[in-house]
$ cat final-v2.cif   # mmCIF, C-alpha atoms
data_structure
#
loop_
_atom_site.label_atom_id
_atom_site.label_comp_id
_atom_site.auth_asym_id
_atom_site.auth_seq_id
_atom_site.Cartn_x
_atom_site.Cartn_y
_atom_site.Cartn_z
CA MET A 1 1.35 50.65 107.79
CA THR A 2 1.66 47.18 106.28
CA ASP A 3 1.07 44.17 108.54
CA ILE A 4 4.10 42.39 107.13
CA LYS A 5 3.53 39.12 108.97
CA SER A 6 0.10 38.70 107.36
CA LEU A 7 1.59 38.69 103.86
CA TYR A 8 1.95 35.49 101.87
CA PHE A 9 5.52 34.79 100.81
CA GLU A 10 4.74 35.73 97.20
CA GLU A 11 3.16 39.00 98.37
CA LEU A 12 6.24 39.77 100.45
CA GLN A 13 8.47 39.17 97.44
CA GLN A 14 6.36 41.52 95.35
CA TYR A 15 6.31 44.15 98.09
CA ILE A 16 10.10 44.08 98.42
CA THR A 17 10.86 44.19 94.70
CA GLU A 18 8.28 46.93 94.05
CA ASN A 19 10.19 49.07 96.52
CA ASP A 20 13.47 48.52 94.68
CA PHE A 21 15.08 45.94 96.95
CA PRO A 22 16.53 42.62 95.68
CA LYS A 23 14.07 39.71 95.60
CA PHE A 24 16.26 37.49 97.81
CA ARG A 25 15.75 39.91 100.71
CA ALA A 26 12.15 38.72 100.97
CA LYS A 27 13.33 35.22 101.91
CA GLN A 28 15.57 36.66 104.61
CA ILE A 29 12.73 38.72 106.06
CA TRP A 30 10.34 35.75 105.88
CA ASP A 31 12.80 33.54 107.76
CA TRP A 32 13.22 36.14 110.50
CA LEU A 33 9.45 36.56 110.88
CA ASN A 34 9.06 32.80 111.21
CA LYS A 35 11.71 32.80 113.93
CA GLY A 36 9.44 35.07 115.94
CA VAL A 37 11.44 38.32 115.92
CA LYS A 38 9.52 41.29 117.29
CA SER A 39 11.46 44.13 115.69
CA PHE A 40 13.21 44.78 112.40
CA ASP A 41 16.43 45.59 114.25
CA GLU A 42 16.74 41.89 115.07
CA MET A 43 17.09 41.06 111.37
CA LYS A 44 20.88 41.14 111.47
CA ASN A 45 21.61 40.21 107.85
CA LEU A 46 19.57 43.07 106.35
CA PRO A 47 21.20 46.33 105.21
CA LYS A 48 20.42 49.50 107.14
CA ASN A 49 18.49 51.13 104.28
CA LEU A 50 16.11 48.13 104.12
CA ILE A 51 15.63 48.11 107.89
CA ASP A 52 14.90 51.86 107.79
CA PHE A 53 12.35 51.31 105.03
CA LEU A 54 10.63 48.49 106.91
CA GLN A 55 10.45 50.53 110.11
CA ARG A 56 8.81 53.42 108.23
CA SER A 57 6.33 51.36 106.24
CA CYS A 58 5.57 48.14 108.14
CA TYR A 59 4.95 46.73 111.60
CA ILE A 60 5.41 43.31 113.18
CA SER A 61 2.36 42.21 115.14
CA VAL A 62 3.01 40.52 118.47
CA ALA A 63 1.11 38.44 121.03
CA ASN A 64 2.74 39.18 124.37
CA ILE A 65 1.90 36.99 127.36
CA GLU A 66 -0.07 39.10 129.83
CA LYS A 67 -1.06 36.20 132.06
CA LYS A 68 -0.46 32.44 132.12
CA LEU A 69 -2.24 29.73 134.08
CA VAL A 70 -1.12 26.09 134.28
CA SER A 71 -3.49 23.34 135.39
CA SER A 72 -2.24 21.24 138.28
CA TYR A 73 -4.44 18.38 136.99
CA ASP A 74 -3.31 17.86 133.41
CA LYS A 75 -0.76 20.62 132.58
CA THR A 76 -3.22 22.43 130.31
CA VAL A 77 -1.93 25.98 129.82
CA LYS A 78 -4.17 29.01 129.39
CA TYR A 79 -2.76 32.27 128.04
CA LEU A 80 -4.04 35.80 128.05
CA PHE A 81 -2.27 37.50 125.14
CA ARG A 82 -1.93 41.26 124.63
CA PHE A 83 -1.60 42.67 121.10
CA ASN A 84 0.08 45.84 119.79
CA ASP A 85 -3.02 47.96 120.45
CA GLY A 86 -3.52 46.67 124.00
CA GLU A 87 -6.44 44.32 123.22
CA PHE A 88 -6.55 40.89 124.85
CA VAL A 89 -7.50 37.38 123.71
CA GLU A 90 -7.16 33.92 125.22
CA SER A 91 -5.58 30.71 123.94
CA VAL A 92 -5.35 27.26 125.49
CA VAL A 93 -2.64 24.63 124.93
CA MET A 94 -3.64 21.03 125.64
CA SER A 95 -1.46 17.94 125.84
CA TYR A 96 -2.63 14.68 124.27
CA LYS A 97 -0.96 11.38 123.46
CA HIS A 98 -0.68 12.46 119.83
CA GLY A 99 0.98 15.79 120.71
CA TYR A 100 0.06 19.34 121.59
CA SER A 101 -3.12 21.11 120.46
CA ILE A 102 -3.88 24.80 120.73
CA CYS A 103 -7.26 26.49 120.78
CA VAL A 104 -6.85 29.97 119.30
CA SER A 105 -9.05 33.06 119.18
CA THR A 106 -10.07 34.79 115.96
CA GLN A 107 -11.74 37.93 117.36
CA VAL A 108 -11.53 40.20 120.39
CA GLY A 109 -14.90 39.33 121.87
CA CYS A 110 -17.81 38.03 119.82
CA LYS A 111 -21.02 39.36 118.22
CA MET A 112 -22.97 36.11 118.30
CA GLY A 113 -24.39 36.40 121.82
CA CYS A 114 -24.71 32.70 122.71
CA THR A 115 -26.16 32.65 126.21
CA PHE A 116 -23.85 29.93 127.59
CA CYS A 117 -20.62 31.55 126.39
CA ALA A 118 -18.37 33.78 128.52
CA THR A 119 -16.81 35.52 125.51
CA GLY A 120 -20.08 37.02 124.27
CA LYS A 121 -20.79 38.57 127.66
CA SER A 122 -17.77 40.86 127.21
CA GLY A 123 -19.00 42.36 123.95
CA PHE A 124 -17.10 42.72 120.68
CA SER A 125 -14.10 44.95 119.94
CA ARG A 126 -12.61 43.86 116.61
CA SER A 127 -11.49 40.97 114.44
CA LEU A 128 -7.93 39.66 114.54
CA THR A 129 -5.54 39.84 111.62
CA ALA A 130 -4.06 36.65 110.19
CA SER A 131 -0.75 37.39 111.89
CA GLU A 132 -2.42 37.89 115.29
CA ILE A 133 -4.00 34.45 115.05
CA LEU A 134 -0.64 33.01 113.98
CA ASN A 135 1.18 34.79 116.82
CA GLN A 136 -0.84 32.95 119.45
CA ILE A 137 0.65 29.67 118.22
CA GLU A 138 4.19 30.99 117.91
CA SER A 139 4.17 32.65 121.33
CA ALA A 140 2.88 29.49 123.01
CA GLN A 141 5.44 27.31 121.23
CA GLU A 142 8.28 29.61 122.23
CA ASP A 143 7.12 29.88 125.84
CA LEU A 144 6.64 26.12 126.33
CA ASN A 145 9.50 25.05 124.04
CA ILE A 146 7.20 22.65 122.18
CA ARG A 147 5.98 21.94 118.67
CA ILE A 148 2.21 22.35 118.32
CA SER A 149 0.73 19.84 115.90
CA ASN A 150 -3.00 20.55 116.02
CA ILE A 151 -5.02 23.77 115.88
CA VAL A 152 -8.61 24.42 116.88
CA LEU A 153 -10.22 27.74 115.91
CA MET A 154 -12.66 27.61 118.80
CA GLY A 155 -11.46 30.33 121.16
CA MET A 156 -12.86 33.83 121.44
CA GLY A 157 -14.87 34.98 118.42
CA GLU A 158 -16.66 33.45 115.45
CA PRO A 159 -14.12 32.43 112.76
CA LEU A 160 -16.54 32.75 109.85
CA ASP A 161 -17.40 36.31 110.95
CA ASN A 162 -13.71 37.09 110.31
CA PHE A 163 -13.68 35.12 107.08
CA ASP A 164 -10.94 36.77 104.99
CA ASN A 165 -8.41 36.95 107.82
CA VAL A 166 -9.12 33.36 108.84
CA ILE A 167 -8.63 32.11 105.29
CA ARG A 168 -5.34 34.01 105.11
CA PHE A 169 -4.29 32.50 108.45
CA LEU A 170 -5.14 28.98 107.27
CA LYS A 171 -2.98 29.39 104.19
CA LEU A 172 -0.10 30.92 106.17
CA VAL A 173 -0.07 28.34 108.96
CA SER A 174 -0.16 25.43 106.51
CA ASP A 175 2.56 26.90 104.25
CA GLU A 176 5.54 24.54 103.98
CA LYS A 177 7.80 27.58 104.35
CA GLY A 178 6.02 28.60 107.56
CA LEU A 179 4.74 26.57 110.52
CA ASN A 180 3.72 23.83 108.08
CA ILE A 181 0.75 22.53 110.11
CA GLY A 182 -1.37 20.56 107.65
CA MET A 183 -5.06 21.26 107.13
CA ARG A 184 -5.99 17.78 108.38
CA HIS A 185 -4.68 18.89 111.77
CA ILE A 186 -6.91 21.98 111.88
CA THR A 187 -10.50 22.25 113.15
CA LEU A 188 -12.62 25.33 112.45
CA SER A 189 -15.64 25.90 114.67
CA THR A 190 -18.68 27.96 113.70
CA CYS A 191 -22.01 28.77 115.29
CA GLY A 192 -23.58 28.39 111.86
CA ILE A 193 -23.17 31.37 109.51
CA VAL A 194 -24.63 29.52 106.53
CA PRO A 195 -23.42 31.66 103.58
CA LYS A 196 -19.85 31.45 104.86
CA ILE A 197 -20.08 27.66 105.23
CA TYR A 198 -20.82 27.49 101.50
CA GLU A 199 -17.99 29.92 100.78
CA LEU A 200 -15.57 27.88 102.90
CA ALA A 201 -16.59 24.70 101.08
CA GLU A 202 -15.39 26.16 97.78
CA TYR A 203 -11.81 26.17 99.08
CA LYS A 204 -12.03 22.40 99.63
CA PHE A 205 -9.64 22.57 102.55
CA ALA A 206 -8.94 19.25 104.26
CA LEU A 207 -9.74 20.74 107.66
CA THR A 208 -12.55 19.61 109.98
CA LEU A 209 -15.63 21.81 110.11
CA SER A 210 -17.10 21.79 113.61
CA VAL A 211 -20.61 23.22 113.93
CA SER A 212 -21.85 24.45 117.30
CA LEU A 213 -25.37 23.04 117.20
CA HIS A 214 -26.30 22.72 120.90
CA ALA A 215 -30.00 22.07 120.25
CA PRO A 216 -32.13 19.71 118.14
CA ASN A 217 -34.81 22.25 117.18
CA ASN A 218 -35.35 25.93 116.48
CA LYS A 219 -37.24 26.65 119.69
CA ILE A 220 -34.35 25.67 122.00
CA ARG A 221 -31.58 26.84 119.69
CA SER A 222 -33.05 30.31 119.19
CA LYS A 223 -33.21 30.79 122.98
CA THR A 224 -29.55 29.94 123.46
CA MET A 225 -28.06 31.01 120.11
CA PRO A 226 -29.44 34.19 118.45
CA VAL A 227 -27.78 33.25 115.13
CA ASN A 228 -30.52 30.63 114.75
CA ASN A 229 -33.07 33.37 114.13
CA LYS A 230 -31.28 34.15 110.87
CA TYR A 231 -30.11 30.66 109.92
CA PRO A 232 -32.54 28.12 111.42
CA VAL A 233 -31.66 24.49 112.10
CA GLU A 234 -33.03 23.03 108.86
CA VAL A 235 -31.09 25.59 106.77
CA LEU A 236 -27.91 24.93 108.75
CA ILE A 237 -28.15 21.14 108.42
CA LYS A 238 -28.70 21.43 104.66
CA ALA A 239 -25.55 23.57 104.45
CA CYS A 240 -23.64 20.88 106.37
CA LYS A 241 -24.86 18.18 103.99
CA ASP A 242 -23.85 20.32 101.03
CA TYR A 243 -20.47 20.99 102.67
CA PHE A 244 -19.83 17.25 102.89
CA SER A 245 -20.93 16.77 99.26
CA THR A 246 -18.49 19.45 98.11
CA THR A 247 -15.49 18.61 100.27
CA GLY A 248 -15.92 14.94 101.21
CA ARG A 249 -15.02 15.94 104.77
CA ARG A 250 -17.06 14.64 107.70
CA VAL A 251 -18.73 17.38 109.74
CA SER A 252 -18.44 17.47 113.52
CA PHE A 253 -21.22 18.84 115.72
CA GLU A 254 -20.68 20.40 119.13
CA TYR A 255 -23.52 19.88 121.59
CA ALA A 256 -23.18 21.54 125.00
CA MET A 257 -25.38 19.52 127.32
CA ILE A 258 -27.35 21.78 129.64
CA ASP A 259 -29.31 20.26 132.49
CA LYS A 260 -33.07 20.29 131.81
CA VAL A 261 -32.62 22.50 128.72
CA ASN A 262 -31.49 20.26 125.86
CA ASP A 263 -30.56 16.90 127.42
CA SER A 264 -33.78 14.86 127.56
CA ASP A 265 -34.41 11.56 125.78
CA GLU A 266 -36.84 13.41 123.52
CA ASN A 267 -34.08 15.87 122.60
CA ALA A 268 -31.75 12.97 121.75
CA VAL A 269 -34.40 11.33 119.53
CA GLU A 270 -34.99 14.64 117.78
CA LEU A 271 -31.25 15.16 117.25
CA GLY A 272 -30.85 11.64 115.91
CA SER A 273 -33.67 12.19 113.41
CA LEU A 274 -32.17 15.53 112.39
CA LEU A 275 -28.68 14.16 111.69
CA LYS A 276 -29.58 10.70 110.39
CA GLY A 277 -27.85 9.93 107.11
CA LEU A 278 -25.29 12.73 107.46
CA ASN A 279 -21.65 11.66 107.74
CA CYS A 280 -20.91 13.32 111.06
CA HIS A 281 -19.71 12.99 114.63
CA VAL A 282 -21.28 14.54 117.73
CA ASN A 283 -19.15 15.93 120.56
CA LEU A 284 -21.17 16.13 123.76
CA ILE A 285 -19.77 18.87 125.98
CA PRO A 286 -20.56 19.31 129.68
CA VAL A 287 -21.55 23.00 129.68
CA ASN A 288 -19.15 25.33 131.47
CA ASN A 289 -20.11 27.15 134.63
CA VAL A 290 -20.01 30.78 133.49
CA LYS A 291 -20.33 33.73 135.84
CA GLY A 292 -23.76 35.30 135.39
CA SER A 293 -25.28 32.16 133.81
CA THR A 294 -27.88 29.87 135.43
CA TYR A 295 -26.94 26.87 133.28
CA HIS A 296 -25.65 23.66 134.83
CA LYS A 297 -23.97 20.68 133.18
CA SER A 298 -25.99 17.52 132.55
CA LYS A 299 -25.45 14.55 134.82
CA THR A 300 -23.28 11.64 133.68
CA ASP A 301 -26.22 9.25 133.20
CA ARG A 302 -27.97 11.82 130.99
CA ARG A 303 -24.91 12.06 128.75
CA GLN A 304 -24.70 8.28 128.43
CA ALA A 305 -28.42 8.03 127.62
CA PHE A 306 -27.88 10.60 124.87
CA ILE A 307 -25.05 8.57 123.39
CA ASP A 308 -27.11 5.37 123.46
CA ILE A 309 -30.06 6.97 121.69
CA LEU A 310 -27.91 8.61 118.99
CA SER A 311 -26.21 5.28 118.29
CA LYS A 312 -29.60 3.84 117.32
CA TYR A 313 -29.65 6.40 114.50
CA GLY A 314 -26.17 5.38 113.34
CA ILE A 315 -24.56 8.48 114.82
CA THR A 316 -21.31 8.27 116.74
CA ALA A 317 -21.19 10.53 119.79
CA THR A 318 -18.54 10.96 122.46
CA VAL A 319 -18.20 13.14 125.55
CA ARG A 320 -15.41 15.63 125.15
CA ARG A 321 -12.64 15.22 127.69
CA THR A 322 -12.59 18.15 130.12
CA LEU A 323 -9.14 19.70 130.44
CA GLY A 324 -7.90 22.53 132.63
CA SER A 325 -10.98 22.57 134.83
CA ASP A 326 -9.06 24.21 137.68
CA ILE A 327 -8.05 27.15 135.48
CA ASN A 328 -11.38 27.73 133.68
CA ALA A 329 -9.82 26.66 130.40
CA SER A 330 -12.85 27.61 128.28
CA CYS A 331 -12.18 30.95 126.59
CA GLY A 332 -13.57 34.28 127.71
CA GLN A 333 -13.34 33.93 131.47
CA LEU A 334 -9.68 34.83 132.01
CA LYS A 335 -10.03 38.07 130.07
CA ARG A 336 -13.16 39.09 131.97
CA ASN A 337 -11.54 38.39 135.32
CA HIS A 338 -8.35 40.22 134.33
CA LEU A 339 -10.20 43.34 133.18
CA GLU A 340 -12.42 43.32 136.27
CA VAL A 341 -9.35 43.21 138.51
CA LYS A 342 -7.61 45.99 136.56
CA GLY A 343 -10.77 48.07 136.64
CA GLY A 344 -10.88 47.77 140.40
CA GLU A 345 -7.28 48.78 140.95
#
$ encode --input "final-v2.cif" --output "structure tokens"
Amino acid sequence: MTDIKSLYFEELQQYITENDFPKFRAKQIWDWLNKGVKSFDEMKNLPKNLIDFLQRSCYISVANIEKKLVSSYDKTVKYLFRFNDGEFVESVVMSYKHGYSICVSTQVGCKMGCTFCATGKSGFSRSLTASEILNQIESAQEDLNIRISNIVLMGMGEPLDNFDNVIRFLKLVSDEKGLNIGMRHITLSTCGIVPKIYELAEYKFALTLSVSLHAPNNKIRSKTMPVNNKYPVEVLIKACKDYFSTTGRRVSFEYAMIDKVNDSDENAVELGSLLKGLNCHVNLIPVNNVKGSTYHKSKTDRRQAFIDILSKYGITATVRRTLGSDINASCGQLKRNHLEVKGGE
């Protein structure tokens, strides 16, 4: 059956007219889908024969709220969403002075196997469709009665491992006839799948590419991020430089600071030398405490020393603000806990 909510407006028009319905019906259907209806019966201005056709040939994907946690510290909201097939993903809504941001998932689980990440420990089930990524935003907006202005593709999964669906999502979510969230308000995070970085660059989207680096050399990075065995640091950094040359967009690097693993002065010097001359920004992230992991976050003075050393290389670095710490707002943990509880019932 056709995933009708993943169609571009022009594709929906073509689909409707090819099946002998008037072209204007596509606009009516599109408007209903963007209002968040979950069944074709809710589309009250459509004739019965069109509704019957849609029910036979299409489906509307949904992201139902299975569980919701609200931080008592900063009102960060974490959702566990359930899709049509019963699979689960997590999303997090964060409140800032400039508005609301949402971190969405792009896959059920992840193949990348980063050792500090809770998502990878649960294995991989499948990639999400464009509509399933979109539904996370719409469901959160409806539940909280807010307008989300910024999107981060940094939840469960590797966005560039679900390339075609993510590209379709980016075009749908930025469509003026849809949610109309501009590309400059979107950040896409990747662990460093180099060929897809080059492919993404060709679209020349105005989004921010955020690269999960987490180490200044191949020895450390390969231990924590298996993807580095295929695309080593020097190859990844070249791709980032080429990405900037093609798009003119500054690259952001994520660096999870792990006590006595990647947070020494020597590591900072090495990172500064690696990134020197590249138009970029470094986000230092206190590593999350993940069940089954022995990693611990770096101390505050270590993070500041890192910032001071990077500044000597002309690189701006900041420590990412920690939100929702009382609800384990980093993705992957809520799903694991939920499934463990259900498995024990």
$ resolve_selection --input "final-v2.cif" --expression "the PyMOL selection byres ((chain A and resi 279) around 8)" --output "list in words"
Phe244, Arg250, Val251, Gly277, Leu278, Cys280 and His281 of chain A
$ closest_residue --input "final-v2.cif" --among "A:Val62, A:Met94, A:Ile16, A:Ile220" --to "Lys38 (chain A)" --atoms "only C-alpha atoms"
A:Val62
$ closest_atom_pairs --input "final-v2.cif" --of "region 149-263 of chain A" --to "region 312-321 of chain A" --cutoff "10 Å" --atoms "all atoms listed in the file" --output "Markdown table"
| residue | atom | partner | partner_atom | distance |
| --- | --- | --- | --- | --- |
| A:Ser252 | CA | A:Ala317 | CA | 9.7 |
| A:Phe253 | CA | A:Ala317 | CA | 9.3 |
| A:Glu254 | CA | A:Arg320 | CA | 9.3 |
| A:Tyr255 | CA | A:Val319 | CA | 9.5 |
| A:Ala256 | CA | A:Arg320 | CA | 9.8 |
| A:Met257 | CA | A:Val319 | CA | 9.8 |
$ atom_distance --input "final-v2.cif" --atom1 "CA of Ser72 (chain A)" --atom2 "CA of Leu323 (chain A)"
10.6 Å
$ resolve_selection --input "final-v2.cif" --expression "the PyMOL selection byres ((chain A and resi 228) around 12)" --output "number ranges by chain"
A: 112-114, 191-194, 212-227, 229-237
$ residues_around --input "final-v2.cif" --residues "His98 (chain A)" --least-positions-apart "6" --cutoff "12 Å" --atoms "all atoms listed in the file" --output "CSV table (one decimal) with C-alpha atoms, keeping the file's coordinate frame"
chain,number,residue,atom,x,y,z
A,147,ARG,CA,6.0,21.9,118.7
A,148,ILE,CA,2.2,22.4,118.3
A,149,SER,CA,0.7,19.8,115.9
A,150,ASN,CA,-3.0,20.6,116.0
A,185,HIS,CA,-4.7,18.9,111.8
$ resolve_selection --input "final-v2.cif" --expression "the PyMOL selection byres ((chain A and resi 85) around 12)" --output "list in words"
Tyr59, Ser61, Val62, Ala63, Asn64, Phe81, Arg82, Phe83, Asn84, Gly86, Glu87, Phe88, Val89, Val108, Ser125, Arg126, Leu128 and Glu132 of chain A
$ write_last_selection --input "final-v2.cif" --atoms "C-alpha atoms" --output "CSV table (one decimal), keeping the file's coordinate frame"
chain,number,residue,atom,x,y,z
A,59,TYR,CA,5.0,46.7,111.6
A,61,SER,CA,2.4,42.2,115.1
A,62,VAL,CA,3.0,40.5,118.5
A,63,ALA,CA,1.1,38.4,121.0
A,64,ASN,CA,2.7,39.2,124.4
A,81,PHE,CA,-2.3,37.5,125.1
A,82,ARG,CA,-1.9,41.3,124.6
A,83,PHE,CA,-1.6,42.7,121.1
A,84,ASN,CA,0.1,45.8,119.8
A,86,GLY,CA,-3.5,46.7,124.0
A,87,GLU,CA,-6.4,44.3,123.2
A,88,PHE,CA,-6.6,40.9,124.8
A,89,VAL,CA,-7.5,37.4,123.7
A,108,VAL,CA,-11.5,40.2,120.4
A,125,SER,CA,-14.1,45.0,119.9
A,126,ARG,CA,-12.6,43.9,116.6
A,128,LEU,CA,-7.9,39.7,114.5
A,132,GLU,CA,-2.4,37.9,115.3
$ closest_residue --input "final-v2.cif" --among "A:Leu310, A:Val166, A:Ile4, A:Ala201" --to "Ser105 (chain A)" --atoms "all atoms listed in the file"
A:Val166
$ atom_distance --input "final-v2.cif" --atom1 "CA of Leu200 (chain A)" --atom2 "CA of Arg184 (chain A)"
15.0 Å
$ atom_distance --input "final-v2.cif" --atom1 "CA of Leu271 (chain A)" --atom2 "CA of Ile309 (chain A)"
9.4 Å
$ residues_around --input "final-v2.cif" --residues "Ile102 (chain A)" --least-positions-apart "2" --cutoff "10 Å" --atoms "only C-alpha atoms" --output "list of chain:residue names"
A:Thr76, A:Val77, A:Lys78, A:Ser91, A:Val92, A:Val93, A:Met94, A:Ser95, A:Tyr100, A:Val104, A:Ser105, A:Gln136, A:Ile137, A:Ala140, A:Gln141, A:Ile148, A:Ser149, A:Asn150, A:Ile151, A:Val152, A:Leu153, A:Met154, A:Gly155, A:Ile186
$ axis_aligned_box --input "final-v2.cif" --around "region 225-231 of chain A" --padding-each-side "6 Å" --output "AutoDock Vina command-line options"
--center_x -30.4 --center_y 32.4 --center_z 115.0 --size_x 17.3 --size_y 15.6 --size_z 22.2
$ residues_around --input "final-v2.cif" --residues "Trp30 (chain A)" --least-positions-apart "6" --cutoff "12 Å" --atoms "only C-alpha atoms" --output "PDB file with C-alpha atoms, in the frame of the given file"
ATOM      1  CA  ILE A   4       4.100  42.390 107.130  1.00  0.00           C
ATOM      2  CA  LYS A   5       3.530  39.120 108.970  1.00  0.00           C
ATOM      3  CA  SER A   6       0.100  38.700 107.360  1.00  0.00           C
ATOM      4  CA  LEU A   7       1.590  38.690 103.860  1.00  0.00           C
ATOM      5  CA  TYR A   8       1.950  35.490 101.870  1.00  0.00           C
ATOM      6  CA  PHE A   9       5.520  34.790 100.810  1.00  0.00           C
ATOM      7  CA  GLU A  10       4.740  35.730  97.200  1.00  0.00           C
ATOM      8  CA  GLU A  11       3.160  39.000  98.370  1.00  0.00           C
ATOM      9  CA  LEU A  12       6.240  39.770 100.450  1.00  0.00           C
ATOM     10  CA  GLN A  13       8.470  39.170  97.440  1.00  0.00           C
ATOM     11  CA  ILE A  16      10.100  44.080  98.420  1.00  0.00           C
ATOM     12  CA  LYS A  23      14.070  39.710  95.600  1.00  0.00           C
ATOM     13  CA  PHE A  24      16.260  37.490  97.810  1.00  0.00           C
ATOM     14  CA  GLY A  36       9.440  35.070 115.940  1.00  0.00           C
ATOM     15  CA  VAL A  37      11.440  38.320 115.920  1.00  0.00           C
ATOM     16  CA  PHE A  40      13.210  44.780 112.400  1.00  0.00           C
ATOM     17  CA  MET A  43      17.090  41.060 111.370  1.00  0.00           C
ATOM     18  CA  LEU A  46      19.570  43.070 106.350  1.00  0.00           C
ATOM     19  CA  ILE A  60       5.410  43.310 113.180  1.00  0.00           C
ATOM     20  CA  LEU A 172      -0.100  30.920 106.170  1.00  0.00           C
ATOM     21  CA  ASP A 175       2.560  26.900 104.250  1.00  0.00           C
ATOM     22  CA  LYS A 177       7.800  27.580 104.350  1.00  0.00           C
ATOM     23  CA  GLY A 178       6.020  28.600 107.560  1.00  0.00           C
ATOM     24  CA  LEU A 179       4.740  26.570 110.520  1.00  0.00           C
TER      25      LEU A 179
END
$ closest_residue --input "final-v2.cif" --among "A:Lys44, A:Glu202, A:Ser39, A:Thr129" --to "Arg25 (chain A)" --atoms "only C-alpha atoms"
A:Lys44
$ closest_residue --input "final-v2.cif" --among "A:Lys97, A:Asn165, A:Ser139, A:Leu54" --to "Leu80 (chain A)" --atoms "only C-alpha atoms"
A:Ser139
$ closest_residue --input "final-v2.cif" --among "A:Leu134, A:Leu274, A:Leu170, A:Ile285" --to "Lys297 (chain A)" --atoms "all atoms listed in the file"
A:Ile285
$ closest_residue --input "final-v2.cif" --among "A:Ser273, A:Thr190, A:Ile146, A:Ser127" --to "Asn162 (chain A)" --atoms "all atoms listed in the file"
A:Ser127
$ decode --input "final-v2.cif" --residues "region 194-237 of chain A" --atoms "C-alpha atoms" --output "tab-separated table (two decimals), in the first residue's frame"
chain	number	residue	atom	x	y	z
A	194	VAL	CA	31.84	9.73	3.87
A	195	PRO	CA	30.22	8.88	0.49
A	196	LYS	CA	26.86	10.11	1.75
A	197	ILE	CA	28.40	13.38	2.99
A	198	TYR	CA	29.50	14.05	-0.59
A	199	GLU	CA	26.06	13.05	-1.87
A	200	LEU	CA	24.35	15.35	0.64
A	201	ALA	CA	26.60	18.23	-0.39
A	202	GLU	CA	25.27	18.05	-3.94
A	203	TYR	CA	21.82	19.10	-2.71
A	204	LYS	CA	23.33	22.31	-1.30
A	205	PHE	CA	20.78	22.42	1.48
A	206	ALA	CA	21.17	25.32	3.91
A	207	LEU	CA	21.06	22.95	6.88
A	208	THR	CA	23.86	22.45	9.42
A	209	LEU	CA	25.92	19.28	9.06
A	210	SER	CA	26.96	18.01	12.48
A	211	VAL	CA	29.68	15.35	12.49
A	212	SER	CA	30.08	13.07	15.49
A	213	LEU	CA	33.86	13.05	15.75
A	214	HIS	CA	34.49	12.22	19.43
A	215	ALA	CA	38.23	11.57	18.97
A	216	PRO	CA	41.25	13.36	17.48
A	217	ASN	CA	42.92	10.27	15.98
A	218	ASN	CA	42.16	6.90	14.45
A	219	LYS	CA	43.36	4.86	17.43
A	220	ILE	CA	40.81	6.33	19.87
A	221	ARG	CA	38.03	6.79	17.34
A	222	SER	CA	38.19	3.21	16.06
A	223	LYS	CA	37.82	1.92	19.63
A	224	THR	CA	34.68	3.93	20.28
A	225	MET	CA	33.23	4.23	16.75
A	226	PRO	CA	33.52	1.20	14.42
A	227	VAL	CA	32.62	3.37	11.38
A	228	ASN	CA	36.14	4.80	11.64
A	229	ASN	CA	37.59	1.51	10.43
A	230	LYS	CA	35.94	2.16	7.06
A	231	TYR	CA	36.20	5.95	6.94
A	232	PRO	CA	39.23	7.03	9.01
A	233	VAL	CA	39.66	10.49	10.49
A	234	GLU	CA	41.75	11.99	7.70
A	235	VAL	CA	39.23	10.84	5.05
A	236	LEU	CA	36.32	12.19	7.11
A	237	ILE	CA	37.94	15.60	7.66
